[in-house]
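Printed here is model-v7.cif (mmCIF, C-alpha atoms (C1' of nucleotides)):
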```cif
data_data
loop_
_atom_site.label_atom_id
_atom_site.label_comp_id
_atom_site.auth_asym_id
_atom_site.auth_seq_id
_atom_site.Cartn_x
_atom_site.Cartn_y
_atom_site.Cartn_z
CA MET T 591 15.44 2.90 2.46
CA LEU T 592 18.89 2.13 3.75
CA SER T 593 20.83 5.29 4.62
CA LYS T 594 24.29 5.86 3.19
CA LYS T 595 25.58 5.73 6.73
CA ALA T 596 24.37 2.17 7.25
CA LYS T 597 25.45 1.16 3.77
CA TYR T 598 28.95 2.56 4.18
CA ALA T 599 29.18 0.99 7.64
CA ILE T 600 28.42 -2.46 6.30
CA LYS T 601 30.83 -2.07 3.41
CA ALA T 602 33.59 -0.93 5.73
CA LEU T 603 32.93 -3.75 8.17
CA LEU T 604 33.02 -6.34 5.40
CA ARG T 605 36.31 -4.93 4.22
CA LEU T 606 37.69 -5.04 7.74
CA ALA T 607 36.50 -8.61 8.11
CA ASP T 608 38.42 -9.48 4.97
CA HIS T 609 41.49 -7.58 6.09
CA GLN T 610 41.81 -9.23 9.49
CA HIS T 611 45.41 -10.05 10.10
CA GLY T 612 45.33 -8.54 13.53
CA GLU T 613 46.64 -5.23 12.28
CA PRO T 614 44.37 -2.21 11.98
CA MET T 615 43.32 -0.40 8.83
CA ARG T 616 43.46 3.36 8.39
CA ILE T 617 40.38 5.48 7.66
CA ALA T 618 42.02 6.86 4.53
CA ASP T 619 42.76 3.42 3.10
CA LEU T 620 39.33 2.12 3.94
CA ALA T 621 37.75 5.19 2.36
CA ARG T 622 39.71 4.76 -0.85
CA ALA T 623 39.00 1.04 -1.06
CA GLU T 624 35.23 1.49 -0.70
CA GLN T 625 34.81 4.88 -2.41
CA ILE T 626 33.50 6.59 0.70
CA PRO T 627 34.10 10.29 1.53
CA PRO T 628 36.86 10.06 4.16
CA LYS T 629 35.48 12.54 6.67
CA PHE T 630 32.08 10.95 6.48
CA LEU T 631 33.56 7.53 6.99
CA GLU T 632 35.44 8.82 10.01
CA PHE T 633 32.14 9.82 11.58
CA ILE T 634 30.65 6.41 10.82
CA LEU T 635 33.57 4.42 12.20
CA LEU T 636 33.46 6.48 15.36
CA GLY T 637 29.84 5.48 15.80
CA LEU T 638 30.70 1.83 15.28
CA LYS T 639 33.41 2.13 17.87
CA ASN T 640 31.17 3.81 20.43
CA ASN T 641 28.76 0.93 19.95
CA GLY T 642 31.40 -1.66 20.62
CA VAL T 643 31.62 -3.04 17.10
CA LEU T 644 35.05 -1.65 16.32
CA GLN T 645 38.17 -0.83 18.28
CA SER T 646 40.85 1.63 17.32
CA ARG T 647 44.53 2.33 17.77
CA LYS T 648 45.89 5.84 17.71
CA GLY T 649 49.19 7.09 16.47
CA LYS T 650 51.51 5.73 13.83
CA GLY T 651 50.53 2.27 12.62
CA GLY T 652 47.08 2.84 14.05
CA GLY T 653 43.62 2.51 12.55
CA TYR T 654 40.45 0.51 13.07
CA LEU T 655 39.81 -3.17 13.56
CA LEU T 656 36.84 -5.35 14.46
CA ALA T 657 36.15 -5.58 18.18
CA ARG T 658 34.85 -9.14 17.93
CA ASP T 659 34.53 -12.12 15.66
CA PRO T 660 32.84 -11.41 12.28
CA ALA T 661 30.56 -14.36 12.95
CA ASN T 662 29.21 -12.43 15.90
CA ILE T 663 28.47 -9.12 14.19
CA TYR T 664 24.97 -9.04 12.73
CA LEU T 665 23.59 -6.67 10.11
CA GLY T 666 20.54 -6.05 12.27
CA GLN T 667 22.64 -4.30 14.88
CA ILE T 668 24.38 -2.14 12.32
CA VAL T 669 21.24 -1.08 10.51
CA ARG T 670 19.41 -0.26 13.74
CA MET T 671 22.39 1.72 14.96
CA PHE T 672 22.28 4.14 12.06
CA ASP T 673 18.73 3.96 10.72
CA GLY T 674 16.72 3.18 13.83
CA PRO T 675 14.11 0.44 14.17
CA LEU T 676 13.51 -1.96 11.28
CA ALA T 677 9.74 -1.63 11.34
CA PRO T 678 8.26 0.59 8.60
CA VAL T 679 6.02 2.24 11.20
CA PRO T 680 6.90 2.90 14.85
CA CYS T 681 3.80 1.11 16.13
CA ALA T 682 5.02 -2.13 14.54
CA SER T 683 8.46 -2.07 16.12
CA GLN T 684 9.53 -4.78 18.52
CA THR T 685 12.56 -2.97 19.91
CA ALA T 686 11.25 0.61 19.89
CA TYR T 687 7.47 0.62 19.96
CA VAL T 688 5.77 4.00 19.76
CA ARG T 689 2.04 4.47 19.44
CA CYS T 690 0.92 6.56 16.48
CA ALA T 691 -1.10 9.71 17.01
CA ASP T 692 -3.70 8.96 14.39
CA CYS T 693 -5.13 5.47 14.85
CA ARG T 694 -8.28 5.22 16.90
CA ASN T 695 -8.01 1.55 17.71
CA GLU T 696 -4.63 -0.05 17.31
CA ALA T 697 -6.01 -3.57 17.72
CA VAL T 698 -7.90 -3.36 14.44
CA CYS T 699 -5.30 -1.44 12.44
CA GLY T 700 -4.55 -3.26 9.21
CA VAL T 701 -1.51 -1.14 8.47
CA ARG T 702 0.06 -2.12 11.77
CA LEU T 703 -0.69 -5.78 11.22
CA ALA T 704 0.79 -5.86 7.74
CA MET T 705 3.83 -3.82 8.76
CA LYS T 706 4.49 -6.15 11.66
CA GLU T 707 4.83 -8.92 9.11
CA VAL T 708 7.23 -6.82 7.07
CA ARG T 709 9.25 -6.05 10.17
CA ASP T 710 9.45 -9.71 11.14
CA ALA T 711 10.56 -10.71 7.66
CA THR T 712 13.22 -8.00 7.59
CA ALA T 713 14.45 -8.84 11.07
CA LYS T 714 14.71 -12.49 10.17
CA VAL T 715 17.08 -11.64 7.34
CA LEU T 716 19.17 -8.95 9.04
CA ASP T 717 19.40 -10.54 12.48
CA GLY T 718 20.26 -13.82 10.79
CA THR T 719 23.09 -12.44 8.69
CA SER T 720 26.53 -11.93 10.22
CA LEU T 721 29.55 -10.43 8.53
CA ALA T 722 31.02 -13.91 8.33
CA SER T 723 27.95 -15.55 6.84
CA LEU T 724 27.48 -12.72 4.36
CA ARG T 725 31.07 -12.99 3.25
CA ARG T 726 30.66 -16.73 2.77
CA LYS T 727 27.53 -16.15 0.74
CA VAL T 728 29.28 -13.70 -1.55
CA ASP T 729 32.14 -16.11 -2.00
CA ARG T 730 29.80 -18.92 -2.89
CA LEU T 731 28.16 -16.84 -5.63
CA THR T 732 31.28 -15.35 -7.15
CA PRO T 733 34.41 -17.23 -6.20
CA THR T 734 37.55 -15.13 -6.47
CA GLU T 735 41.00 -16.56 -6.86
CA ALA T 736 41.73 -15.88 -3.22
CA SER T 737 38.55 -17.45 -1.94
CA LEU T 738 39.08 -20.53 -4.08
CA ARG T 739 42.55 -20.93 -2.63
CA ARG T 740 41.10 -20.76 0.87
CA LYS T 741 38.59 -23.42 -0.07
CA VAL T 742 41.23 -25.74 -1.45
CA ASP T 743 43.30 -25.18 1.68
CA ARG T 744 40.38 -26.25 3.80
CA LEU T 745 39.72 -29.37 1.76
CA ILE T 746 43.33 -30.42 1.34
CA PRO T 747 45.06 -28.95 4.37
CA HIS T 748 48.31 -30.82 3.85
CA VAL T 749 48.96 -29.25 0.47
CA ARG T 750 50.64 -25.96 1.29
CA ALA T 751 52.16 -25.65 -2.14
CA ARG T 752 54.11 -22.71 -3.44
CA MET U 658 10.17 3.75 6.63
CA LEU U 659 6.62 3.90 5.36
CA SER U 660 5.59 7.44 4.36
CA LYS U 661 2.42 8.98 5.74
CA LYS U 662 1.14 9.08 2.20
CA ALA U 663 1.32 5.31 1.82
CA LYS U 664 0.03 4.76 5.33
CA TYR U 665 -2.97 7.05 4.85
CA ALA U 666 -3.63 5.47 1.47
CA ILE U 667 -3.84 1.99 2.94
CA LYS U 668 -6.04 3.14 5.80
CA ALA U 669 -8.39 4.90 3.42
CA LEU U 670 -8.53 1.91 1.09
CA LEU U 671 -9.32 -0.45 3.96
CA ARG U 672 -12.10 1.84 5.07
CA LEU U 673 -13.48 1.98 1.55
CA ALA U 674 -13.32 -1.81 1.33
CA ASP U 675 -15.39 -1.98 4.49
CA HIS U 676 -17.82 0.63 3.28
CA GLN U 677 -18.60 -1.01 -0.06
CA HIS U 678 -22.30 -0.84 -0.66
CA GLY U 679 -21.79 0.48 -4.15
CA GLU U 680 -22.18 4.06 -3.02
CA PRO U 681 -19.16 6.35 -2.81
CA MET U 682 -17.63 7.93 0.29
CA ARG U 683 -16.74 11.60 0.56
CA ILE U 684 -13.20 12.83 1.21
CA ALA U 685 -14.36 14.72 4.28
CA ASP U 686 -16.01 11.69 5.85
CA LEU U 687 -13.07 9.45 5.08
CA ALA U 688 -10.70 12.03 6.54
CA ARG U 689 -12.69 12.30 9.74
CA ALA U 690 -13.01 8.53 10.11
CA GLU U 691 -9.28 7.92 9.75
CA GLN U 692 -7.91 11.12 11.32
CA ILE U 693 -6.22 12.29 8.16
CA PRO U 694 -5.78 15.98 7.16
CA PRO U 695 -8.54 16.40 4.54
CA LYS U 696 -6.55 18.32 1.97
CA PHE U 697 -3.70 15.85 2.20
CA LEU U 698 -6.08 12.94 1.81
CA GLU U 699 -7.55 14.63 -1.22
CA PHE U 700 -4.13 14.59 -2.85
CA ILE U 701 -3.61 10.94 -1.95
CA LEU U 702 -6.98 9.76 -3.25
CA LEU U 703 -6.35 11.59 -6.49
CA GLY U 704 -3.14 9.62 -6.87
CA LEU U 705 -4.94 6.37 -6.22
CA LYS U 706 -7.51 7.29 -8.82
CA ASN U 707 -4.92 8.19 -11.45
CA ASN U 708 -3.36 4.79 -10.84
CA GLY U 709 -6.63 2.99 -11.42
CA VAL U 710 -7.20 1.86 -7.85
CA LEU U 711 -10.10 4.17 -7.13
CA GLN U 712 -12.87 5.73 -9.12
CA SER U 713 -14.79 8.88 -8.29
CA ARG U 714 -18.12 10.52 -8.79
CA LYS U 715 -18.52 14.27 -8.85
CA GLY U 716 -21.37 16.40 -7.65
CA LYS U 717 -23.95 15.74 -5.02
CA GLY U 718 -23.90 12.23 -3.63
CA GLY U 719 -20.43 11.83 -5.09
CA GLY U 720 -17.17 10.65 -3.58
CA TYR U 721 -14.67 7.86 -4.00
CA LEU U 722 -15.06 4.11 -4.34
CA LEU U 723 -12.80 1.17 -5.14
CA ALA U 724 -12.22 0.63 -8.83
CA ARG U 725 -11.92 -3.15 -8.45
CA ASP U 726 -12.42 -6.02 -6.06
CA PRO U 727 -10.58 -5.66 -2.71
CA ALA U 728 -9.19 -9.15 -3.25
CA ASN U 729 -7.37 -7.78 -6.25
CA ILE U 730 -5.75 -4.71 -4.68
CA TYR U 731 -2.35 -5.53 -3.21
CA LEU U 732 -0.38 -3.52 -0.68
CA GLY U 733 2.72 -3.86 -2.85
CA GLN U 734 1.16 -1.72 -5.55
CA ILE U 735 0.09 0.96 -3.08
CA VAL U 736 3.43 1.19 -1.30
CA ARG U 737 5.39 1.32 -4.55
CA MET U 738 3.05 3.99 -5.87
CA PHE U 739 3.83 6.41 -3.06
CA ASP U 740 7.21 5.32 -1.70
CA GLY U 741 8.91 3.89 -4.76
CA PRO U 742 10.68 0.53 -4.97
CA LEU U 743 10.60 -1.82 -1.99
CA ALA U 744 14.33 -2.54 -2.04
CA PRO U 745 16.38 -0.71 0.61
CA VAL U 746 18.98 0.16 -2.04
CA PRO U 747 18.30 0.88 -5.72
CA CYS U 748 20.77 -1.74 -6.91
CA ALA U 749 18.72 -4.46 -5.17
CA SER U 750 15.42 -3.51 -6.79
CA GLN U 751 13.63 -5.92 -9.09
CA THR U 752 11.20 -3.40 -10.58
CA ALA U 753 13.47 -0.32 -10.68
CA TYR U 754 17.10 -1.36 -10.74
CA VAL U 755 19.68 1.42 -10.64
CA ARG U 756 23.39 0.87 -10.32
CA CYS U 757 25.05 2.70 -7.44
CA ALA U 758 27.86 5.14 -8.10
CA ASP U 759 30.17 3.84 -5.42
CA CYS U 760 30.61 0.06 -5.76
CA ARG U 761 33.53 -1.12 -7.77
CA ASN U 762 32.26 -4.63 -8.42
CA GLU U 763 28.56 -5.22 -7.98
CA ALA U 764 28.93 -8.97 -8.23
CA VAL U 765 30.83 -9.17 -4.96
CA CYS U 766 28.85 -6.53 -3.05
CA GLY U 767 27.64 -7.94 0.25
CA VAL U 768 25.31 -5.04 0.86
CA ARG U 769 23.52 -5.69 -2.40
CA LEU U 770 23.23 -9.40 -1.70
CA ALA U 771 21.80 -8.92 1.79
CA MET U 772 19.44 -6.19 0.66
CA LYS U 773 18.15 -8.35 -2.16
CA GLU U 774 17.07 -10.82 0.50
CA VAL U 775 15.35 -8.05 2.45
CA ARG U 776 13.61 -6.89 -0.70
CA ASP U 777 12.40 -10.38 -1.52
CA ALA U 778 11.08 -10.89 2.00
CA THR U 779 9.28 -7.56 1.94
CA ALA U 780 7.84 -8.16 -1.51
CA LYS U 781 6.58 -11.57 -0.46
CA VAL U 782 4.56 -9.98 2.33
CA LEU U 783 3.28 -6.89 0.51
CA ASP U 784 2.59 -8.50 -2.87
CA GLY U 785 0.88 -11.34 -1.04
CA THR U 786 -1.46 -9.16 0.97
CA SER U 787 -4.62 -7.80 -0.60
CA LEU U 788 -7.12 -5.46 1.01
CA ALA U 789 -9.48 -8.40 1.35
CA SER U 790 -6.97 -10.74 2.92
CA LEU U 791 -5.73 -8.06 5.29
CA ARG U 792 -9.26 -7.29 6.36
CA ARG U 793 -9.88 -10.97 7.00
CA LYS U 794 -6.69 -11.19 9.04
CA VAL U 795 -7.69 -8.26 11.22
CA ASP U 796 -11.10 -9.78 11.74
CA ARG U 797 -9.61 -13.07 12.77
CA LEU U 798 -7.46 -11.42 15.43
CA THR U 799 -10.03 -9.07 16.85
CA PRO U 800 -13.56 -10.06 15.98
CA THR U 801 -15.99 -7.17 16.14
CA GLU U 802 -19.68 -7.60 16.59
CA ALA U 803 -20.24 -6.91 12.92
CA SER U 804 -17.63 -9.36 11.71
CA LEU U 805 -18.98 -12.06 14.00
CA ARG U 806 -22.43 -11.57 12.55
CA ARG U 807 -21.01 -11.95 9.04
CA LYS U 808 -19.34 -15.15 10.12
CA VAL U 809 -22.49 -16.58 11.63
CA ASP U 810 -24.35 -15.64 8.48
CA ARG U 811 -21.85 -17.59 6.41
CA LEU U 812 -22.06 -20.65 8.63
CA ILE U 813 -25.83 -20.66 9.09
CA PRO U 814 -27.09 -18.96 5.95
CA HIS U 815 -30.74 -19.83 6.56
CA VAL U 816 -30.87 -17.83 9.77
CA ARG U 817 -31.57 -14.32 8.55
CA ALA U 818 -33.07 -13.23 11.81
CA ARG U 819 -34.31 -9.71 12.56
"C1'" DC B 606 -30.62 26.52 -16.12
"C1'" DC B 607 -28.60 27.46 -12.04
"C1'" DT B 608 -27.06 26.49 -7.63
"C1'" DT B 609 -24.96 23.40 -4.68
"C1'" DT B 610 -21.96 19.79 -4.02
"C1'" DA B 611 -17.70 17.62 -4.30
"C1'" DC B 612 -13.89 16.24 -6.94
"C1'" DT B 613 -9.51 18.38 -9.81
"C1'" DC B 614 -5.36 20.64 -10.11
"C1'" DT B 615 -1.51 23.96 -9.62
"C1'" DA B 616 1.39 26.28 -6.43
"C1'" DG B 617 3.59 26.88 -2.66
"C1'" DT B 618 5.74 26.58 2.15
"C1'" DA B 619 7.53 25.33 6.65
"C1'" DA B 620 10.01 21.90 9.00
"C1'" DC B 621 13.05 18.52 8.99
"C1'" DC B 622 16.94 15.49 7.93
"C1'" DA B 623 20.57 13.09 5.28
"C1'" DG B 624 24.96 13.65 3.51
"C1'" DA B 625 28.94 15.83 3.75
"C1'" DT B 626 32.78 19.18 5.33
"C1'" DA B 627 35.87 22.11 8.39
"C1'" DG B 628 38.98 22.51 11.80
"C1'" DG B 629 40.98 22.11 15.96
"C1'" DG B 630 41.97 18.62 19.97
"C1'" DT B 631 44.21 14.51 21.83
"C1'" DA B 632 46.57 10.18 22.29
"C1'" DT B 633 50.36 7.16 20.65
"C1'" DA B 634 54.56 5.23 18.47
"C1'" DT B 635 59.11 5.89 17.24
"C1'" DA O 517 59.87 15.86 20.08
"C1'" DT O 518 57.24 15.15 16.31
"C1'" DA O 519 54.67 13.05 12.94
"C1'" DT O 520 50.72 10.20 12.71
"C1'" DA O 521 46.04 9.15 13.01
"C1'" DC O 522 42.01 8.93 15.66
"C1'" DC O 523 38.46 12.14 18.42
"C1'" DC O 524 34.92 15.49 18.56
"C1'" DT O 525 32.01 19.60 17.80
"C1'" DA O 526 29.93 22.64 14.82
"C1'" DT O 527 28.03 23.80 10.67
"C1'" DC O 528 26.23 23.89 5.85
"C1'" DT O 529 23.21 22.79 2.20
"C1'" DG O 530 20.12 20.75 -0.81
"C1'" DG O 531 16.30 17.83 -1.06
"C1'" DT O 532 12.26 15.58 0.68
"C1'" DT O 533 8.05 15.13 3.52
"C1'" DA O 534 3.85 16.64 5.19
"C1'" DC O 535 0.62 19.74 4.56
"C1'" DT O 536 -2.28 24.07 2.90
"C1'" DA O 537 -4.51 27.67 -0.17
"C1'" DG O 538 -7.34 28.69 -3.54
"C1'" DA O 539 -9.22 28.78 -7.95
"C1'" DG O 540 -11.28 25.58 -11.46
"C1'" DT O 541 -14.56 22.05 -13.31
"C1'" DA O 542 -17.98 18.38 -13.68
"C1'" DA O 543 -22.34 16.44 -12.14
"C1'" DA O 544 -26.87 16.24 -9.66
"C1'" DG O 545 -31.18 18.07 -8.25
"C1'" DG O 546 -34.61 21.29 -8.06
#
```

As structure tokens, the full file:
Amino acid sequence: MLSKKAKYAIKALLRLADHQHGEPMRIADLARAEQIPPKFLEFILLGLKNNGVLQSRKGKGGGYLLARDPANIYLGQIVRMFDGPLAPVPCASQTAYVRCADCRNEAVCGVRLAMKEVRDATAKVLDGTSLASLRRKVDRLTPTEASLRRKVDRLIPHVRAR
Amino acid sequence: MLSKKAKYAIKALLRLADHQHGEPMRIADLARAEQIPPKFLEFILLGLKNNGVLQSRKGKGGGYLLARDPANIYLGQIVRMFDGPLAPVPCASQTAYVRCADCRNEAVCGVRLAMKEVRDATAKVLDGTSLASLRRKVDRLTPTEASLRRKVDRLIPHVRAR
DNA sequence: CCTTTACTCTAGTAACCAGATAGGGTATAT
DNA sequence: ATATACCCTATCTGGTTACTAGAGTAAAGG
């Protein structure tokens, strides 16, 4: 189960990736846009900052912005940050292996074997999805007016009508 | 995260699949073999029985046994039984869809889209793994004396030595 | 039939954690 | 200077997980 923390974090990051004009976005605005309790979001954004995903500016005109390119921020990092290892059981984790107390002989444990497969499948998805690629995927499924305009601009760059 | 309930259930089922000589296995023995608190296991086995995965016999010589062929018992059913839907968020579930309260426009929700992919990947593993296939997989990785004998018996059926 | 065996079922509880809030501190821009 | 907006610690609370107690009931075997 994905925690609200991780869920809110991803939503906020996607919104920030869309916002990107160089200027930061305030907690309050982000909270309103994504229907997230403001104080809770504050806590989440702080975590993202301390992990190098976001940067912030204080004072008037301040707020949060992405610390690096959206194409280089992967869901796997975000989910692990808030929810811990991806593996359903600690003994199947690649990044944070812990032996389980029960379990006489780990080498013949069917649960571990099956859960390793689940972990690998999950990791493949989350470590293969960046903010940028996810945004593209959403656009492809449900083109908005804005995204269509971007597409046209890419295809016919000389037409800067208006 | 896989709950202990689901984990214990799978371990117990695998043990029962290995035991299979038509005669049932007692809770106490199963609990000792798999290092599971007996009373807790009792509760779990009851759940498996009520869901048609196990059957039981009361009285002396009684216990639990599989209700159907191990090749026809899939991990997906067991995990869903104890831990609910596989999807990390309810709005990405195939079998138990629930809209989330926050989320203005589900159609453009990146979280949902990514988590649908995670769900599908997880379901592919768990709904594709039966007790029988999992047991075979374990055997293939770490052949025990017993499993090797079974293999030899399959390959050279006329040699029934001893 | 009656005793033993072993499953059935209802409650309940302790520990833990996710989600959320309060409130004061600190840096920055104007 | 002062308003703005992030920074940080502490705390609450309701729900879930893991587990236990104990009385009840069906079946087998003598």

Please return, as a tab-separated table (two decimals) with C-alpha atoms (C1' of nucleotides), in the frame of the given file, all polymer residues that have at least one atom within 10 Å of the point (32.3, 9.5, 6.5); use only C-alpha atoms (C1' of nucleotides) and the file's own coordinate frame.
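Generated file (part.tsv):
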```
chain	number	residue	atom	x	y	z
T	594	LYS	CA	24.29	5.86	3.19
T	595	LYS	CA	25.58	5.73	6.73
T	598	TYR	CA	28.95	2.56	4.18
T	599	ALA	CA	29.18	0.99	7.64
T	617	ILE	CA	40.38	5.48	7.66
T	621	ALA	CA	37.75	5.19	2.36
T	626	ILE	CA	33.50	6.59	0.70
T	627	PRO	CA	34.10	10.29	1.53
T	628	PRO	CA	36.86	10.06	4.16
T	629	LYS	CA	35.48	12.54	6.67
T	630	PHE	CA	32.08	10.95	6.48
T	631	LEU	CA	33.56	7.53	6.99
T	632	GLU	CA	35.44	8.82	10.01
T	633	PHE	CA	32.14	9.82	11.58
T	634	ILE	CA	30.65	6.41	10.82
T	635	LEU	CA	33.57	4.42	12.20
T	636	LEU	CA	33.46	6.48	15.36
B	624	DG	C1'	24.96	13.65	3.51
B	625	DA	C1'	28.94	15.83	3.75
B	626	DT	C1'	32.78	19.18	5.33
```

Evaluate the PyMOL selection byres ((chain U) within 7 of (chain O)) here and jot the selected residues down as a PyMOL selection string. chain U and resi 697+715-717

Give me, as CSV, the closest atom pair and its distance (Å, one decimal) for every residue of chain B within a cut-off of 12 Å of chain T, counting all atoms listed in the file, rows sorted by chain and rising number.
```
residue,atom,partner,partner_atom,distance
B:DC622,C1',T:Ser593,CA,11.4
B:DA623,C1',T:Ser593,CA,7.8
B:DG624,C1',T:Lys594,CA,7.8
B:DA625,C1',T:Phe630,CA,6.4
B:DT626,C1',T:Lys629,CA,7.3
B:DA627,C1',T:Lys629,CA,9.7
B:DG628,C1',T:Lys629,CA,11.7
B:DT631,C1',T:Lys648,CA,9.7
B:DA632,C1',T:Lys648,CA,6.3
B:DT633,C1',T:Gly649,CA,4.3
B:DA634,C1',T:Lys650,CA,5.6
B:DT635,C1',T:Lys650,CA,8.3
```

Interface rows for chain T against chain U: nearest pair, Å to one decimal, 8 Å, only C-alpha atoms, as CSV:
```
residue,atom,partner,partner_atom,distance
T:Met591,CA,U:Pro745,CA,4.2
T:Leu592,CA,U:Pro745,CA,4.9
T:Lys597,CA,U:Val768,CA,6.9
T:Ile600,CA,U:Val768,CA,6.8
T:Lys601,CA,U:Val768,CA,6.8
T:Leu604,CA,U:Gly767,CA,7.6
T:Glu624,CA,U:Cys760,CA,7.0
T:Gln625,CA,U:Asp759,CA,5.6
T:Ile626,CA,U:Asp759,CA,7.5
T:Ala677,CA,U:Met658,CA,7.2
T:Pro678,CA,U:Met658,CA,4.2
T:Val679,CA,U:Leu659,CA,6.1
T:Asp692,CA,U:Gln692,CA,5.6
T:Cys693,CA,U:Glu691,CA,7.0
T:Arg694,CA,U:Glu691,CA,7.7
T:Ala697,CA,U:Thr799,CA,6.9
T:Val698,CA,U:Val795,CA,5.9
T:Cys699,CA,U:Val795,CA,7.3
T:Gly700,CA,U:Val795,CA,6.2
T:Val701,CA,U:Ile667,CA,6.8
T:Leu703,CA,U:Val795,CA,7.4
T:Ala704,CA,U:Leu791,CA,7.3
T:Glu707,CA,U:Val782,CA,6.9
T:Val708,CA,U:Thr779,CA,5.6
T:Ala711,CA,U:Ala778,CA,5.7
T:Thr712,CA,U:Val775,CA,5.6
T:Val715,CA,U:Val775,CA,6.3
T:Leu716,CA,U:Val775,CA,7.7
T:Thr719,CA,U:Ala771,CA,7.9
T:Leu724,CA,U:Gly767,CA,6.3
T:Arg725,CA,U:Gly767,CA,6.8
T:Val728,CA,U:Val765,CA,5.9
T:Asp729,CA,U:Val765,CA,7.7
T:Thr732,CA,U:Val765,CA,6.6
```

Any idea what the distance is between atom CA of Lys773 of chain U and atom CA of Ala753 of chain U?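 We find that atom CA of Lys773 of chain U and atom CA of Ala753 of chain U lie 12.6 Å from each other.
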
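Here atom CA of Leu603 of chain T stands at a distance of 12.3 Å from atom CA of Gln667 of chain T.
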
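Here atom CA of Ser750 of chain U and atom CA of Gly733 of chain U stand 13.3 Å from one another.
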
Tyr654 of chain T surroundings by only C-alpha atoms (C1' of nucleotides), 7 Å radius, close-in-sequence under 4 positions cut, as an MDAnalysis selection string: chainID T and resid 614:616 644:647
